[in-house]
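Asker: Data file coords_38.cif (mmCIF, C-alpha atoms and all ligand atoms) is appended below.
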data_entry
#
loop_
_atom_site.label_atom_id
_atom_site.label_comp_id
_atom_site.auth_asym_id
_atom_site.auth_seq_id
_atom_site.Cartn_x
_atom_site.Cartn_y
_atom_site.Cartn_z
CA LEU A 1 -12.56 -15.58 186.15
CA GLN A 2 -14.08 -17.25 183.08
CA ALA A 3 -17.83 -16.72 182.95
CA ASN A 4 -18.32 -19.87 180.91
CA ALA A 5 -16.32 -22.16 183.24
CA VAL A 6 -17.64 -24.08 186.23
CA GLN A 7 -17.07 -22.16 189.47
CA PRO A 8 -16.65 -23.58 192.98
CA ARG A 9 -18.56 -22.07 195.91
CA PRO A 10 -16.69 -18.98 197.22
CA VAL A 11 -16.18 -20.68 200.62
CA LEU A 12 -13.57 -22.94 199.00
CA ASP A 13 -11.12 -20.03 198.84
CA ARG A 14 -11.31 -19.73 202.61
CA LEU A 15 -11.02 -23.39 203.59
CA PRO A 16 -7.67 -24.59 204.93
CA LYS A 17 -6.30 -27.62 203.10
CA TYR A 18 -6.10 -30.85 205.05
CA ALA A 19 -2.40 -31.77 205.26
CA ALA A 20 -2.45 -35.55 205.59
CA GLY A 21 0.61 -37.04 207.32
CA LYS A 22 3.20 -38.46 204.95
CA PRO A 23 5.74 -41.24 205.36
CA PRO A 24 9.31 -39.93 205.73
CA ALA A 25 11.62 -39.79 202.72
CA PRO A 26 13.77 -42.94 202.78
CA ILE A 27 17.28 -42.61 204.25
CA GLU A 28 19.94 -45.15 203.29
CA GLY A 29 20.59 -47.58 206.14
CA LEU A 30 17.68 -46.43 208.36
CA THR A 31 14.23 -47.96 208.80
CA SER A 32 11.56 -45.30 208.14
CA TYR A 33 8.79 -44.63 210.65
CA LYS A 34 5.60 -42.66 210.10
CA LEU A 35 4.51 -40.91 213.29
CA SER A 36 2.51 -38.18 211.56
CA SER A 37 -1.09 -39.47 211.48
CA ASN A 38 -1.87 -40.90 214.94
CA GLU A 39 -2.19 -44.34 213.40
CA ASN A 40 -1.97 -47.55 215.35
CA PRO A 41 1.45 -49.09 214.56
CA LEU A 42 0.13 -52.56 215.46
CA PRO A 43 -1.81 -54.73 213.01
CA PRO A 44 -5.51 -55.27 213.74
CA VAL A 45 -6.45 -58.41 215.69
CA PRO A 46 -6.21 -61.52 213.41
CA ALA A 47 -9.99 -62.05 213.45
CA VAL A 48 -10.38 -58.80 211.50
CA LEU A 49 -8.45 -60.20 208.56
CA ASP A 50 -10.47 -63.43 208.69
CA ALA A 51 -13.70 -61.42 208.66
CA ILE A 52 -12.55 -59.46 205.62
CA ARG A 53 -11.46 -62.60 203.76
CA GLU A 54 -14.85 -64.20 204.33
CA GLN A 55 -16.68 -61.32 202.64
CA VAL A 56 -17.80 -62.57 199.26
CA GLY A 57 -20.54 -60.02 198.69
CA ILE A 58 -18.63 -56.99 197.48
CA PHE A 59 -20.62 -56.87 194.24
CA ARG A 60 -23.64 -55.90 196.38
CA TYR A 61 -24.19 -52.62 198.21
CA PRO A 62 -23.71 -52.66 201.96
CA ASP A 63 -26.53 -52.34 204.49
CA PRO A 64 -26.93 -48.54 204.58
CA LEU A 65 -27.86 -48.67 208.27
CA SER A 66 -24.92 -50.92 209.36
CA THR A 67 -27.50 -52.83 211.41
CA ASN A 68 -25.19 -55.64 212.51
CA LEU A 69 -22.48 -53.27 213.68
CA ARG A 70 -24.97 -51.00 215.44
CA ASN A 71 -26.43 -54.01 217.26
CA ALA A 72 -22.96 -55.15 218.32
CA LEU A 73 -22.12 -51.64 219.56
CA ALA A 74 -25.47 -51.33 221.32
CA ASP A 75 -24.74 -54.53 223.27
CA LYS A 76 -21.24 -53.46 224.21
CA LEU A 77 -21.99 -49.85 225.13
CA GLU A 78 -25.44 -50.47 226.61
CA VAL A 79 -27.15 -47.88 224.46
CA PRO A 80 -30.11 -48.39 222.08
CA ALA A 81 -29.04 -49.29 218.52
CA GLU A 82 -31.43 -46.56 217.37
CA ASP A 83 -29.14 -43.97 218.98
CA ILE A 84 -26.11 -44.99 216.88
CA VAL A 85 -25.40 -43.69 213.38
CA THR A 86 -22.35 -44.97 211.50
CA GLY A 87 -20.30 -43.01 209.00
CA ALA A 88 -17.13 -43.14 206.92
CA GLY A 89 -14.91 -42.68 209.96
CA SER A 90 -15.92 -40.44 212.85
CA LEU A 91 -15.20 -37.62 210.42
CA GLY A 92 -18.08 -38.94 208.29
CA ALA A 93 -20.27 -39.02 211.40
CA LEU A 94 -19.25 -35.45 212.30
CA THR A 95 -20.02 -34.28 208.77
CA GLN A 96 -23.55 -35.69 209.11
CA ILE A 97 -24.02 -33.75 212.35
CA LEU A 98 -22.76 -30.46 210.93
CA ASN A 99 -24.75 -30.80 207.71
CA THR A 100 -27.84 -31.36 209.87
CA TYR A 101 -27.37 -28.60 212.45
CA ALA A 102 -24.98 -25.94 211.14
CA GLY A 103 -25.09 -24.08 207.86
CA GLN A 104 -26.26 -21.05 205.98
CA ASN A 105 -29.87 -20.11 206.59
CA GLU A 106 -32.38 -19.08 203.95
CA ASP A 107 -32.10 -15.42 205.02
CA GLY A 108 -28.33 -15.58 204.38
CA THR A 109 -27.25 -15.62 208.04
CA MET A 110 -24.70 -18.24 209.05
CA ASP A 111 -24.95 -20.57 212.02
CA GLU A 112 -21.86 -20.58 214.24
CA VAL A 113 -19.87 -23.58 215.44
CA VAL A 114 -17.61 -23.04 218.43
CA TYR A 115 -14.56 -25.21 219.01
CA ALA A 116 -11.14 -25.02 220.65
CA TRP A 117 -8.12 -24.15 218.57
CA ARG A 118 -5.78 -25.67 217.97
CA SER A 119 -7.73 -28.88 217.70
CA PHE A 120 -8.41 -31.46 214.98
CA GLU A 121 -7.47 -29.84 211.69
CA ALA A 122 -10.52 -31.15 209.83
CA TYR A 123 -12.91 -29.08 212.00
CA PRO A 124 -12.60 -25.81 210.02
CA ILE A 125 -12.97 -27.75 206.77
CA VAL A 126 -16.16 -29.60 207.67
CA VAL A 127 -17.69 -26.58 209.42
CA GLY A 128 -16.93 -24.31 206.44
CA THR A 129 -18.16 -26.89 203.95
CA ALA A 130 -21.46 -27.18 205.82
CA GLY A 131 -21.83 -23.43 205.27
CA ALA A 132 -21.48 -22.40 208.92
CA ARG A 133 -19.04 -19.94 210.49
CA ALA A 134 -16.20 -21.38 212.57
CA VAL A 135 -15.60 -19.67 215.92
CA GLU A 136 -12.18 -20.79 217.18
CA VAL A 137 -11.38 -20.27 220.86
CA PRO A 138 -7.65 -20.55 221.65
CA VAL A 139 -6.61 -23.40 223.95
CA LEU A 140 -4.89 -22.48 227.22
CA ALA A 141 -1.08 -22.52 227.50
CA ASP A 142 -1.21 -26.11 228.82
CA GLY A 143 -3.15 -27.32 225.76
CA ARG A 144 -6.52 -27.56 227.53
CA HIS A 145 -9.82 -26.20 226.22
CA ASP A 146 -10.69 -22.79 227.68
CA LEU A 147 -14.26 -23.79 228.49
CA ASP A 148 -15.13 -20.44 230.10
CA ALA A 149 -14.09 -18.60 226.95
CA MET A 150 -15.93 -21.17 224.83
CA ALA A 151 -19.13 -20.67 226.85
CA ALA A 152 -18.71 -16.92 226.43
CA ALA A 153 -18.39 -17.40 222.65
CA VAL A 154 -21.80 -19.10 222.46
CA ASN A 155 -24.52 -16.70 221.26
CA GLU A 156 -27.93 -16.91 219.56
CA ARG A 157 -26.31 -17.90 216.25
CA THR A 158 -24.43 -20.84 217.79
CA THR A 159 -25.96 -24.20 216.91
CA VAL A 160 -23.08 -26.61 217.63
CA VAL A 161 -20.06 -26.77 219.96
CA LEU A 162 -17.27 -29.29 219.34
CA LEU A 163 -15.34 -30.61 222.34
CA CYS A 164 -12.33 -32.81 221.65
CA THR A 165 -11.15 -35.07 224.46
CA PRO A 166 -8.31 -35.94 224.51
CA ASN A 167 -7.58 -32.93 222.34
CA ASN A 168 -5.78 -33.56 219.07
CA PRO A 169 -3.01 -32.38 218.81
CA THR A 170 -2.26 -31.10 222.33
CA GLY A 171 -3.25 -34.22 224.32
CA PRO A 172 -5.14 -33.32 227.53
CA ILE A 173 -8.59 -34.66 228.44
CA LEU A 174 -11.67 -32.76 229.56
CA ARG A 175 -12.90 -33.51 233.09
CA THR A 176 -16.46 -34.59 233.91
CA GLU A 177 -17.28 -31.72 236.20
CA GLU A 178 -16.02 -29.01 233.85
CA VAL A 179 -17.96 -30.47 230.92
CA GLU A 180 -21.15 -30.67 233.01
CA ARG A 181 -20.69 -27.08 234.12
CA PHE A 182 -20.14 -26.07 230.49
CA ILE A 183 -23.22 -27.87 229.17
CA GLU A 184 -25.37 -26.43 231.94
CA SER A 185 -24.15 -22.91 231.20
CA ILE A 186 -25.19 -22.81 227.53
CA PRO A 187 -28.67 -22.96 225.95
CA GLN A 188 -30.12 -26.46 225.55
CA ASN A 189 -30.74 -25.91 221.84
CA VAL A 190 -26.98 -25.91 221.20
CA LEU A 191 -25.73 -29.39 220.29
CA VAL A 192 -22.55 -30.34 222.17
CA VAL A 193 -20.48 -32.85 220.19
CA ILE A 194 -17.92 -34.73 222.28
CA ASP A 195 -15.24 -36.10 219.95
CA GLU A 196 -13.74 -39.15 221.65
CA ALA A 197 -11.60 -40.50 218.79
CA TYR A 198 -8.87 -41.47 221.29
CA THR A 199 -11.02 -42.48 224.25
CA GLU A 200 -9.48 -45.98 224.64
CA PHE A 201 -6.09 -44.42 225.48
CA ILE A 202 -7.38 -42.47 228.51
CA ARG A 203 -6.11 -43.59 231.93
CA ASP A 204 -7.25 -40.59 233.97
CA ASP A 205 -10.36 -41.32 236.08
CA ALA A 206 -11.35 -37.67 236.09
CA ALA A 207 -11.87 -37.76 232.31
CA VAL A 208 -15.37 -37.14 231.02
CA ASN A 209 -17.17 -40.12 229.51
CA GLY A 210 -19.19 -38.89 226.54
CA ILE A 211 -21.71 -41.70 226.85
CA GLU A 212 -22.55 -40.60 230.40
CA MET A 213 -23.05 -37.06 229.10
CA TYR A 214 -25.34 -38.30 226.32
CA ARG A 215 -27.37 -40.20 228.94
CA LYS A 216 -27.67 -37.11 231.10
CA TYR A 217 -28.21 -34.33 228.53
CA PRO A 218 -30.45 -34.47 225.43
CA ASN A 219 -28.24 -32.02 223.51
CA VAL A 220 -25.10 -34.19 223.49
CA ALA A 221 -23.70 -36.31 220.65
CA VAL A 222 -20.61 -38.51 221.06
CA LEU A 223 -18.18 -39.41 218.29
CA ARG A 224 -16.11 -42.58 218.32
CA THR A 225 -14.01 -44.43 215.75
CA PHE A 226 -12.39 -47.71 214.78
CA SER A 227 -9.44 -45.83 213.26
CA LYS A 228 -7.25 -45.47 216.34
CA ALA A 229 -7.44 -48.12 219.09
CA HIS A 230 -8.81 -50.75 216.70
CA GLY A 231 -6.24 -49.94 214.00
CA LEU A 232 -8.77 -49.81 211.14
CA ALA A 233 -8.04 -46.28 209.86
CA ASN A 234 -8.07 -47.34 206.22
CA LEU A 235 -11.48 -49.00 206.40
CA ARG A 236 -13.28 -45.75 207.34
CA VAL A 237 -15.71 -46.65 210.05
CA GLY A 238 -16.85 -44.49 212.96
CA TYR A 239 -20.13 -43.52 214.58
CA SER A 240 -22.08 -41.04 216.63
CA ILE A 241 -24.32 -41.70 219.63
CA SER A 242 -27.19 -39.31 220.38
CA ARG A 243 -30.91 -39.26 221.15
CA PRO A 244 -33.44 -40.52 218.55
CA GLN A 245 -34.67 -36.93 218.06
CA ILE A 246 -31.20 -36.29 216.62
CA THR A 247 -30.43 -39.60 214.91
CA GLU A 248 -33.65 -39.50 212.85
CA HIS A 249 -32.28 -36.37 211.13
CA LEU A 250 -28.73 -37.69 210.83
CA ARG A 251 -30.01 -40.71 208.94
CA VAL A 252 -31.67 -38.43 206.39
CA ILE A 253 -28.48 -36.48 205.68
CA ALA A 254 -26.02 -39.40 205.85
CA THR A 255 -24.36 -40.42 202.58
CA PRO A 256 -25.99 -43.75 201.69
CA PHE A 257 -23.68 -46.79 201.78
CA ALA A 258 -20.77 -44.84 203.32
CA VAL A 259 -19.69 -47.84 205.42
CA SER A 260 -18.80 -50.93 203.39
CA THR A 261 -19.66 -54.44 204.53
CA LEU A 262 -15.91 -55.10 204.77
CA ALA A 263 -15.54 -52.23 207.20
CA GLU A 264 -18.65 -53.24 209.12
CA GLN A 265 -17.57 -56.88 209.50
CA ALA A 266 -14.02 -55.89 210.42
CA ALA A 267 -15.35 -53.55 213.10
CA ILE A 268 -17.60 -56.28 214.51
CA ALA A 269 -14.70 -58.77 214.57
CA SER A 270 -12.54 -56.24 216.40
CA LEU A 271 -15.29 -55.56 218.95
CA THR A 272 -15.69 -59.29 219.49
CA HIS A 273 -12.00 -59.54 220.41
CA GLU A 274 -12.08 -56.68 222.85
CA ALA A 275 -9.48 -58.16 225.20
CA ASP A 276 -6.88 -58.46 222.42
CA VAL A 277 -7.58 -54.90 221.32
CA ALA A 278 -7.29 -53.71 224.92
CA ALA A 279 -3.90 -55.44 225.26
CA ARG A 280 -2.62 -53.65 222.15
CA VAL A 281 -3.92 -50.33 223.43
CA GLU A 282 -2.30 -50.95 226.81
CA SER A 283 1.07 -51.54 225.15
CA LEU A 284 0.73 -48.20 223.37
CA VAL A 285 -0.25 -46.47 226.61
CA GLN A 286 2.89 -47.92 228.23
CA GLU A 287 4.93 -46.60 225.33
CA ARG A 288 3.28 -43.20 225.65
CA GLU A 289 4.23 -43.08 229.32
CA ARG A 290 7.79 -44.16 228.51
CA VAL A 291 8.14 -41.53 225.77
CA ALA A 292 6.64 -38.75 227.91
CA ALA A 293 8.88 -39.64 230.87
CA GLY A 294 11.92 -39.89 228.58
CA LEU A 295 11.25 -36.49 227.06
CA ARG A 296 10.77 -34.88 230.46
CA GLU A 297 14.02 -36.46 231.62
CA LEU A 298 15.70 -34.78 228.68
CA GLY A 299 14.29 -31.48 229.94
CA TRP A 300 11.46 -31.19 227.41
CA GLU A 301 8.33 -29.49 228.72
CA LEU A 302 5.18 -31.42 227.63
CA PRO A 303 1.47 -30.95 228.22
CA GLU A 304 -0.25 -33.92 229.84
CA THR A 305 -1.25 -36.49 227.21
CA GLN A 306 -3.96 -39.13 227.48
CA SER A 307 -3.81 -40.04 223.83
CA ASN A 308 -1.61 -41.90 221.35
CA PHE A 309 0.59 -38.88 220.64
CA VAL A 310 2.69 -36.26 222.36
CA TRP A 311 2.71 -32.52 221.70
CA LEU A 312 6.02 -30.71 221.48
CA ALA A 313 5.36 -26.98 221.91
CA LEU A 314 8.28 -25.97 219.71
CA GLY A 315 6.77 -22.66 218.54
CA GLU A 316 8.94 -21.09 215.84
CA HIS A 317 11.10 -24.23 215.68
CA ALA A 318 8.21 -26.55 214.74
CA VAL A 319 8.96 -26.87 211.04
CA ASP A 320 12.70 -27.02 211.65
CA PHE A 321 12.21 -29.89 214.09
CA ALA A 322 10.10 -31.81 211.56
CA THR A 323 12.85 -31.37 208.94
CA TYR A 324 15.45 -32.54 211.46
CA ALA A 325 13.36 -35.62 212.33
CA GLY A 326 12.90 -36.30 208.61
CA ARG A 327 16.67 -36.49 208.20
CA HIS A 328 16.47 -39.39 210.65
CA ALA A 329 13.71 -41.09 208.64
CA LEU A 330 10.98 -40.14 211.10
CA SER A 331 7.90 -38.23 209.92
CA VAL A 332 6.06 -36.09 212.48
CA ARG A 333 3.33 -33.47 212.11
CA ALA A 334 4.44 -29.84 212.36
CA PHE A 335 2.00 -26.96 212.80
CA ALA A 336 4.10 -23.97 211.75
CA GLY A 337 4.77 -21.50 214.56
CA GLU A 338 2.95 -23.67 217.11
CA GLY A 339 4.33 -27.13 217.71
CA VAL A 340 4.82 -30.68 216.56
CA ARG A 341 2.59 -33.67 217.18
CA VAL A 342 4.30 -37.04 217.29
CA SER A 343 2.27 -40.25 217.32
CA ILE A 344 3.29 -43.12 219.55
CA GLY A 345 4.56 -45.81 217.20
CA GLU A 346 6.66 -48.94 217.25
CA VAL A 347 9.14 -49.21 220.14
CA GLU A 348 12.04 -48.55 217.73
CA ALA A 349 10.27 -45.51 216.32
CA ASN A 350 9.73 -44.13 219.82
CA ASP A 351 13.40 -44.78 220.64
CA ARG A 352 14.33 -42.88 217.49
CA LEU A 353 12.19 -39.94 218.63
CA LEU A 354 13.88 -39.86 222.03
CA GLU A 355 17.29 -39.96 220.37
CA ILE A 356 16.35 -37.11 218.02
CA CYS A 357 15.07 -35.05 220.96
CA ARG A 358 18.26 -35.71 222.92
CA ASN A 359 20.25 -34.10 220.11
CA TYR A 360 17.89 -31.38 218.92
CA PRO A 361 19.20 -28.00 220.08
CA ASN A 362 15.98 -25.95 220.52
CA LYS A 363 13.90 -27.98 222.98
CA PRO A 364 10.82 -26.31 224.50
CA VAL A 365 11.35 -25.56 228.21
N1 LIG B 401 -11.50 -36.72 215.62
C1 LIG B 401 -10.24 -36.55 215.99
C2 LIG B 401 -9.97 -35.76 217.22
C3 LIG B 401 -9.19 -37.08 215.22
O1 LIG B 401 -7.93 -36.86 215.59
C4 LIG B 401 -9.49 -37.84 214.08
C5 LIG B 401 -8.43 -38.48 213.22
N2 LIG B 401 -7.22 -37.86 213.15
C6 LIG B 401 -10.83 -37.98 213.74
C7 LIG B 401 -11.81 -37.43 214.53
C8 LIG B 401 -11.28 -38.69 212.50
O2 LIG B 401 -10.93 -39.98 212.46
P1 LIG B 401 -11.71 -41.04 211.57
O3 LIG B 401 -12.52 -40.28 210.56
O4 LIG B 401 -10.66 -41.87 210.97
O5 LIG B 401 -12.59 -41.77 212.51
#
Translate the structure of the given file into structure tokens.
Ligand code: PMP
Answerer:
Amino acid sequence: LQANAVQPRPVLDRLPKYAAGKPPAPIEGLTSYKLSSNENPLPPVPAVLDAIREQVGIFRYPDPLSTNLRNALADKLEVPAEDIVTGAGSLGALTQILNTYAGQNEDGTMDEVVYAWRSFEAYPIVVGTAGARAVEVPVLADGRHDLDAMAAAVNERTTVVLLCTPNNPTGPILRTEEVERFIESIPQNVLVVIDEAYTEFIRDDAAVNGIEMYRKYPNVAVLRTFSKAHGLANLRVGYSISRPQITEHLRVIATPFAVSTLAEQAAIASLTHEADVAARVESLVQERERVAAGLRELGWELPETQSNFVWLALGEHAVDFATYAGRHALSVRAFAGEGVRVSIGEVEANDRLLEICRNYPNKPV
């Protein structure tokens, strides 16, 4: 340690590193497919590209409040525009929430943030960066949140709970009645964040709708994004929905100008062409059902998925499977010792996955 050199905060030593999905290494004679980041394999609706092309004002700063986008969302979702706060992706919106409600206190104590694990890999990073302590409650064997154990993990230091539905990377949704029971069983001064990054892919009527929860309970915030169903991952635009008593604080902590006018206009154009977006999403849902059925036919045991990915509970074979898929020019996301998440991609990419799984010797059963 050099006393005269700049030093990072000690928490940095403890933060996991975000392992962004990579494209596969090219293989001679094979088209490569990237199924490692839950991206939408389809291009955005054409109106999005027109909206971007028409933007001539990039020498100016964007509207820091994304007023036009918030108004468009307010119309569509039937919520007040005041209750919406945009961010650089839903991850930006989540970071605002954590920086507002979870951190280290002036007396040195740390707030606690409870979430299921395994879930979205950025959670420990943004919780730790905010200065709070992450309390990770293992998911059940079928990939669902263990809401009873999560409620039991809430104590007087807990300020935020993160619920992820459908859960990345395992796939299942949370049901309305279990979420209501959960919210009613914990103190009302704990903020419950419902991360609905993949909500458009849900086809199960029992699934909780975060917006209904936000209408019913004052301590709920919902996260949504344009990165998945709308196919705008690179433009970084997402948002939270919560009561004005919450949003007034989020707006103070939000990074100014985090959402560019390009991103804002693209998001509005995509919202305006909702039916086209829905048709794209439906084709991916059909593919998901085809892939899940195909895998089960091959004897692979899968948790239920309501998202744009499948979870292969490969355990100790996770990394080996990813290497094997890579040899067939397919990149997937391995979590060592746990499993592999594979995004639903182009039809040919999904066919390639099924073929790989047909031949892979250590399938989970
Ligand atoms: N939440 C979940 C559950 C996710 O899987 C992701 C993206 N992988 C995000 C949030 C963040 O997405 P974005 O910041 O692009 O909106």
Asker: Go through A:Val154, A:Ala292, A:Leu30, A:Val45 one by one, measure the shortest atom-to-atom distance of each to Ala279 of chain A using all atoms listed in the file, and give the residue with the smallest value.
Answerer: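 Among the listed residues, A:Val45 lies closest to Ala279 of chain A.
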Asker: Rank A:Ser270, A:Pro138, A:Asn168, A:Thr159 by their smallest atom-to-atom distance to Leu69 of chain A, using all atoms listed in the file, and report the top residue only.
Answerer: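 The answer is A:Ser270, which sits nearest to Leu69 of chain A.
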Asker: Please list as an MDAnalysis selection string every residue within 7 Å of segment 84-90 of chain A, counting only C-alpha atoms and excluding residues in the same chain fewer than 2 positions away.
Answerer: chainID A and resid 66 70 81:82 92:94 223:225 236:242 247 258:259
Asker: With only C-alpha atoms as the atoms that count, which of A:Val208, A:Ala3, A:Leu353, A:Glu289 lies nearest to Ala322 of chain A?
Answerer: A:Leu353
Asker: Name all residues at most 6 Å from segment 124-133 of chain A (count only C-alpha atoms; drop same-chain ones fewer than 2 positions away) and give them as a ChimeraX atom specification.
Answerer: /A:15,99,102-104,110-112,122
Asker: Closest to Val139 of chain A among A:Gln245, A:Ser343, A:Thr165, A:Thr170, using only C-alpha atoms?
Answerer: A:Thr170
Asker: Report, in Å with one decimal, the straight-line distance from atom C8 of ligand LIG 401 (chain B) to atom CA of Ala25 of chain A.
Answerer: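 The value is 24.9 Å.
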Asker: Pick out the closest residue to Glu287 of chain A from this set: A:Tyr123, A:Tyr61, A:Phe309, A:Phe257. Count all atoms listed in the file.
Answerer: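 Smallest distance to Glu287 of chain A is found for A:Phe309.
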Asker: Keeping N, CA and C atoms (and nothing else), can you write segment 64-82 of chain A of this structure as a tab-separated table (two decimals), in the first residue's frame?
Answerer:
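Below is the file that was written, part_24.tsv:
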chain	number	residue	atom	x	y	z
A	64	PRO	N	-33.22	16.76	-18.50
A	64	PRO	CA	-32.83	15.88	-17.39
A	64	PRO	C	-34.02	15.11	-16.80
A	65	LEU	N	-35.23	15.58	-17.03
A	65	LEU	CA	-36.40	14.91	-16.46
A	65	LEU	C	-37.08	13.97	-17.47
A	66	SER	N	-36.56	13.87	-18.70
A	66	SER	CA	-37.17	13.01	-19.73
A	66	SER	C	-38.68	13.24	-19.78
A	67	THR	N	-39.07	14.49	-19.80
A	67	THR	CA	-40.51	14.82	-19.68
A	67	THR	C	-41.36	14.17	-20.76
A	68	ASN	N	-40.89	14.21	-22.00
A	68	ASN	CA	-41.71	13.64	-23.08
A	68	ASN	C	-41.91	12.14	-22.91
A	69	LEU	N	-40.85	11.45	-22.55
A	69	LEU	CA	-40.96	10.01	-22.34
A	69	LEU	C	-41.84	9.70	-21.14
A	70	ARG	N	-41.68	10.47	-20.06
A	70	ARG	CA	-42.50	10.21	-18.88
A	70	ARG	C	-43.97	10.44	-19.19
A	71	ASN	N	-44.26	11.46	-20.00
A	71	ASN	CA	-45.66	11.69	-20.36
A	71	ASN	C	-46.20	10.55	-21.22
A	72	ALA	N	-45.38	10.06	-22.14
A	72	ALA	CA	-45.83	8.94	-22.98
A	72	ALA	C	-46.07	7.70	-22.13
A	73	LEU	N	-45.18	7.44	-21.19
A	73	LEU	CA	-45.35	6.28	-20.30
A	73	LEU	C	-46.57	6.45	-19.40
A	74	ALA	N	-46.76	7.67	-18.91
A	74	ALA	CA	-47.89	7.94	-18.02
A	74	ALA	C	-49.21	7.63	-18.73
A	75	ASP	N	-49.30	8.03	-20.01
A	75	ASP	CA	-50.50	7.75	-20.80
A	75	ASP	C	-50.71	6.25	-20.94
A	76	LYS	N	-49.66	5.56	-21.31
A	76	LYS	CA	-49.75	4.13	-21.60
A	76	LYS	C	-50.05	3.31	-20.35
A	77	LEU	N	-49.39	3.64	-19.25
A	77	LEU	CA	-49.49	2.81	-18.05
A	77	LEU	C	-50.56	3.30	-17.08
A	78	GLU	N	-51.15	4.45	-17.41
A	78	GLU	CA	-52.16	5.07	-16.53
A	78	GLU	C	-51.64	5.29	-15.12
A	79	VAL	N	-50.49	5.94	-15.07
A	79	VAL	CA	-49.93	6.37	-13.78
A	79	VAL	C	-49.53	7.84	-13.95
A	80	PRO	N	-49.47	8.62	-12.87
A	80	PRO	CA	-49.05	10.02	-13.01
A	80	PRO	C	-47.59	10.11	-13.47
A	81	ALA	N	-47.30	11.05	-14.38
A	81	ALA	CA	-45.92	11.23	-14.85
A	81	ALA	C	-44.98	11.54	-13.69
A	82	GLU	N	-45.52	12.18	-12.67
A	82	GLU	CA	-44.74	12.54	-11.48
A	82	GLU	C	-44.17	11.29	-10.78
